[in-house]
file entry.txt (compact mmCIF, C-alpha atoms)
# COMPACT_ATOMS: atom_id res chain seq x y z
CA MET A 1 51.47 36.82 -69.34
CA LYS A 2 48.08 35.94 -70.84
CA THR A 3 49.11 32.28 -70.89
CA MET A 4 50.00 32.33 -67.18
CA ILE A 5 46.68 33.95 -66.30
CA ARG A 6 44.80 31.33 -68.36
CA VAL A 7 46.71 28.48 -66.69
CA PHE A 8 45.97 29.97 -63.27
CA ILE A 9 42.26 30.39 -64.01
CA ILE A 10 41.94 26.89 -65.50
CA SER A 11 43.78 25.39 -62.52
CA LEU A 12 41.51 27.24 -60.14
CA LEU A 13 38.39 26.04 -61.97
CA MET A 14 39.66 22.45 -61.93
CA ILE A 15 40.01 22.57 -58.16
CA PHE A 16 36.34 23.50 -57.84
CA ALA A 17 35.26 20.98 -60.48
CA ALA A 18 37.04 18.07 -58.77
CA PRO A 19 34.72 15.23 -57.83
CA ALA A 20 33.21 15.61 -54.39
CA HIS A 21 33.15 12.87 -51.80
CA SER A 22 30.93 12.28 -48.84
CA ALA A 23 32.74 12.71 -45.57
CA ALA A 24 29.81 11.99 -43.24
CA LEU A 25 27.87 8.76 -43.79
CA GLN A 26 25.13 7.24 -41.66
CA LEU A 27 24.26 3.65 -42.55
CA PHE A 28 21.01 2.12 -41.33
CA ASN A 29 20.27 -1.61 -41.33
CA CYS A 30 16.67 -1.98 -42.49
CA GLU A 31 14.01 -4.67 -42.61
CA LEU A 32 11.00 -4.50 -44.91
CA HIS A 33 7.57 -4.93 -43.39
CA ASP A 34 5.43 -7.78 -44.69
CA GLY A 35 3.89 -6.79 -48.00
CA ALA A 36 6.28 -3.87 -48.61
CA THR A 37 8.30 -3.81 -51.83
CA THR A 38 11.53 -2.27 -53.04
CA ASP A 39 9.43 0.20 -55.03
CA ASP A 40 7.77 1.27 -51.76
CA VAL A 41 11.21 1.84 -50.21
CA PHE A 42 12.39 4.02 -53.10
CA ASP A 43 9.12 5.96 -53.11
CA MET A 44 9.27 6.66 -49.36
CA ALA A 45 13.01 7.45 -49.45
CA SER A 46 12.42 9.94 -52.27
CA LYS A 47 9.64 11.67 -50.33
CA TRP A 48 11.76 11.69 -47.15
CA LEU A 49 14.73 13.18 -49.03
CA ALA A 50 12.59 15.94 -50.55
CA VAL A 51 11.52 17.05 -47.07
CA ALA A 52 15.01 16.57 -45.56
CA LYS A 53 16.51 18.86 -48.22
CA THR A 54 14.24 21.69 -47.04
CA LEU A 55 15.80 21.59 -43.56
CA LYS A 56 18.72 23.84 -42.73
CA GLY A 57 21.91 21.95 -43.59
CA GLY A 58 20.08 19.36 -45.69
CA GLU A 59 20.62 20.99 -49.06
CA ASN A 60 23.53 18.68 -49.98
CA LEU A 61 22.17 15.49 -48.41
CA LYS A 62 22.16 12.38 -50.60
CA VAL A 63 20.39 9.09 -49.93
CA TYR A 64 21.38 5.67 -51.23
CA ILE A 65 19.63 2.32 -50.95
CA ARG A 66 22.02 -0.66 -50.83
CA HIS A 67 20.74 -4.23 -51.33
CA PRO A 68 22.84 -7.28 -50.48
CA VAL A 69 23.59 -9.33 -53.57
CA ALA A 70 26.23 -11.84 -52.53
CA ALA A 71 26.67 -11.33 -48.82
CA SER A 72 26.04 -13.03 -45.54
CA VAL A 73 23.75 -10.65 -43.66
CA ASP A 74 21.32 -11.48 -40.91
CA ASP A 75 17.91 -9.90 -40.62
CA ILE A 76 18.44 -6.97 -42.97
CA ASP A 77 16.84 -6.45 -46.35
CA PHE A 78 18.68 -3.28 -47.30
CA LYS A 79 20.89 -0.48 -46.03
CA LEU A 80 19.72 3.11 -46.10
CA VAL A 81 22.74 5.39 -46.48
CA LEU A 82 22.62 9.11 -45.73
CA ALA A 83 25.61 11.01 -47.12
CA MET A 84 26.67 14.57 -46.35
CA PRO A 85 29.79 16.32 -47.74
CA THR A 86 31.04 17.43 -44.31
CA PHE A 87 30.47 16.70 -40.65
CA ALA A 88 29.81 20.42 -40.13
CA GLU A 89 26.84 20.22 -42.52
CA TRP A 90 25.76 17.00 -40.80
CA GLY A 91 25.70 18.85 -37.47
CA VAL A 92 23.60 21.70 -38.84
CA PHE A 93 21.21 19.19 -40.41
CA THR A 94 20.79 17.09 -37.28
CA ASP A 95 20.15 20.23 -35.22
CA ALA A 96 17.37 21.21 -37.65
CA TYR A 97 16.08 17.62 -37.77
CA GLU A 98 15.35 17.56 -34.05
CA GLY A 99 11.92 19.05 -33.47
CA SER A 100 10.97 19.31 -37.15
CA ASP A 101 7.33 18.30 -37.57
CA SER A 102 7.66 17.93 -41.35
CA ILE A 103 10.48 15.34 -41.15
CA ALA A 104 8.80 13.57 -38.22
CA ALA A 105 5.75 13.03 -40.42
CA GLN A 106 7.97 11.55 -43.15
CA ASP A 107 9.71 9.32 -40.59
CA ASP A 108 6.29 7.98 -39.55
CA GLU A 109 5.38 7.27 -43.19
CA PHE A 110 8.71 5.53 -43.84
CA GLU A 111 8.22 3.34 -40.76
CA LYS A 112 5.07 1.94 -42.39
CA VAL A 113 7.35 0.40 -45.05
CA ALA A 114 10.46 -0.62 -43.11
CA ASP A 115 12.20 -0.57 -39.76
CA CYS A 116 15.61 1.14 -39.92
CA ASN A 117 16.57 1.34 -36.27
CA ASP A 118 20.18 0.12 -36.18
CA SER A 119 22.68 2.64 -37.58
CA ALA A 120 26.31 3.69 -37.47
CA MET A 121 28.18 6.86 -38.47
CA TRP A 122 31.11 6.46 -40.85
CA GLU A 123 33.63 8.73 -42.46
CA GLY A 124 34.18 8.16 -46.16
CA ASP A 125 36.82 9.40 -48.55
CA GLU A 126 37.20 8.82 -52.25
CA VAL A 127 40.23 6.87 -53.41
CA GLU A 128 41.85 8.39 -56.49

call {"tool": "encode", "arguments": {"input": "entry.txt", "output": "structure tokens"}}
result
Amino acid sequence: MKTMIRVFIISLLMIFAAPAHSAALQLFNCELHDGATTDDVFDMASKWLAVAKTLKGGENLKVYIRHPVAASVDDIDFKLVLAMPTFAEWGVFTDAYEGSDSIAAQDDEFEKVADCNDSAMWEGDEVE
């Protein structure tokens, strides 16, 4: 009986320890402003993320910067990717985002480095 309980508990823990994937993804096409650097982008994205995580629903938000290496892309220098585990969390976050003065200030600062106006929502699942 002890063995069965151990197997059950270990199985249960493995379910919760399974790698997470991001279900809700928003990808922005971005262009650097003249004189801005990749370091500036990472600095501003880090500051933006710190504020975004304080908003309701933003606790699990992740941000990725994607640079084209061997691709044919027109007029973009990088992609800014926002990733959230679920669309439900995304909805809570976007509701809190609207009207937030703190994130609006960070948006203004980020816009001094790059324009990221064109975006699309995607759903992403991990392939195992």

call {"tool": "residues_around", "arguments": {"input": "entry.txt", "residues": "Asp77 (chain A)", "least_positions_apart": "5", "cutoff": "12 Å", "atoms": "all atoms listed in the file", "output": "PyMOL selection string"}}
result
chain A and resi 28-34+36-38+41+65-69+71-72+113-116

call {"tool": "residues_near_point", "arguments": {"input": "entry.txt", "point": "(13.7, 7.3, -51.1)", "cutoff": "12 Å", "atoms": "only C-alpha atoms", "output": "count of residues only"}}
result
30

call {"tool": "residues_around", "arguments": {"input": "entry.txt", "residues": "Ala83 (chain A)", "least_positions_apart": "3", "cutoff": "7 Å", "atoms": "all atoms listed in the file", "output": "list in words"}}
result
Ser22, Ala24, Leu25, Gln26, Leu61, Lys62 and Val63 of chain A

call {"tool": "write_last_selection", "arguments": {"input": "entry.txt", "atoms": "C-alpha atoms", "output": "mmCIF file, in the frame of the given file"}}
result
data_model
loop_
_atom_site.group_PDB
_atom_site.id
_atom_site.type_symbol
_atom_site.label_atom_id
_atom_site.label_comp_id
_atom_site.auth_asym_id
_atom_site.auth_seq_id
_atom_site.Cartn_x
_atom_site.Cartn_y
_atom_site.Cartn_z
ATOM 1 C CA SER A 22 30.930 12.280 -48.840
ATOM 2 C CA ALA A 24 29.810 11.990 -43.240
ATOM 3 C CA LEU A 25 27.870 8.760 -43.790
ATOM 4 C CA GLN A 26 25.130 7.240 -41.660
ATOM 5 C CA LEU A 61 22.170 15.490 -48.410
ATOM 6 C CA LYS A 62 22.160 12.380 -50.600
ATOM 7 C CA VAL A 63 20.390 9.090 -49.930
#

call {"tool": "atom_distance", "arguments": {"input": "entry.txt", "atom1": "CA of Gly124 (chain A)", "atom2": "CA of Ala23 (chain A)"}}
result
4.8 Å

call {"tool": "atom_distance", "arguments": {"input": "entry.txt", "atom1": "CA of Leu55 (chain A)", "atom2": "CA of Asp125 (chain A)"}}
result
24.8 Å

call {"tool": "residues_around", "arguments": {"input": "entry.txt", "residues": "Lys56 (chain A)", "least_positions_apart": "6", "cutoff": "8 Å", "atoms": "all atoms listed in the file", "output": "JSON, numbers by chain"}}
result
{"A": [92, 93, 96]}

call {"tool": "atom_distance", "arguments": {"input": "entry.txt", "atom1": "CA of Trp90 (chain A)", "atom2": "CA of Ser119 (chain A)"}}
result
15.0 Å
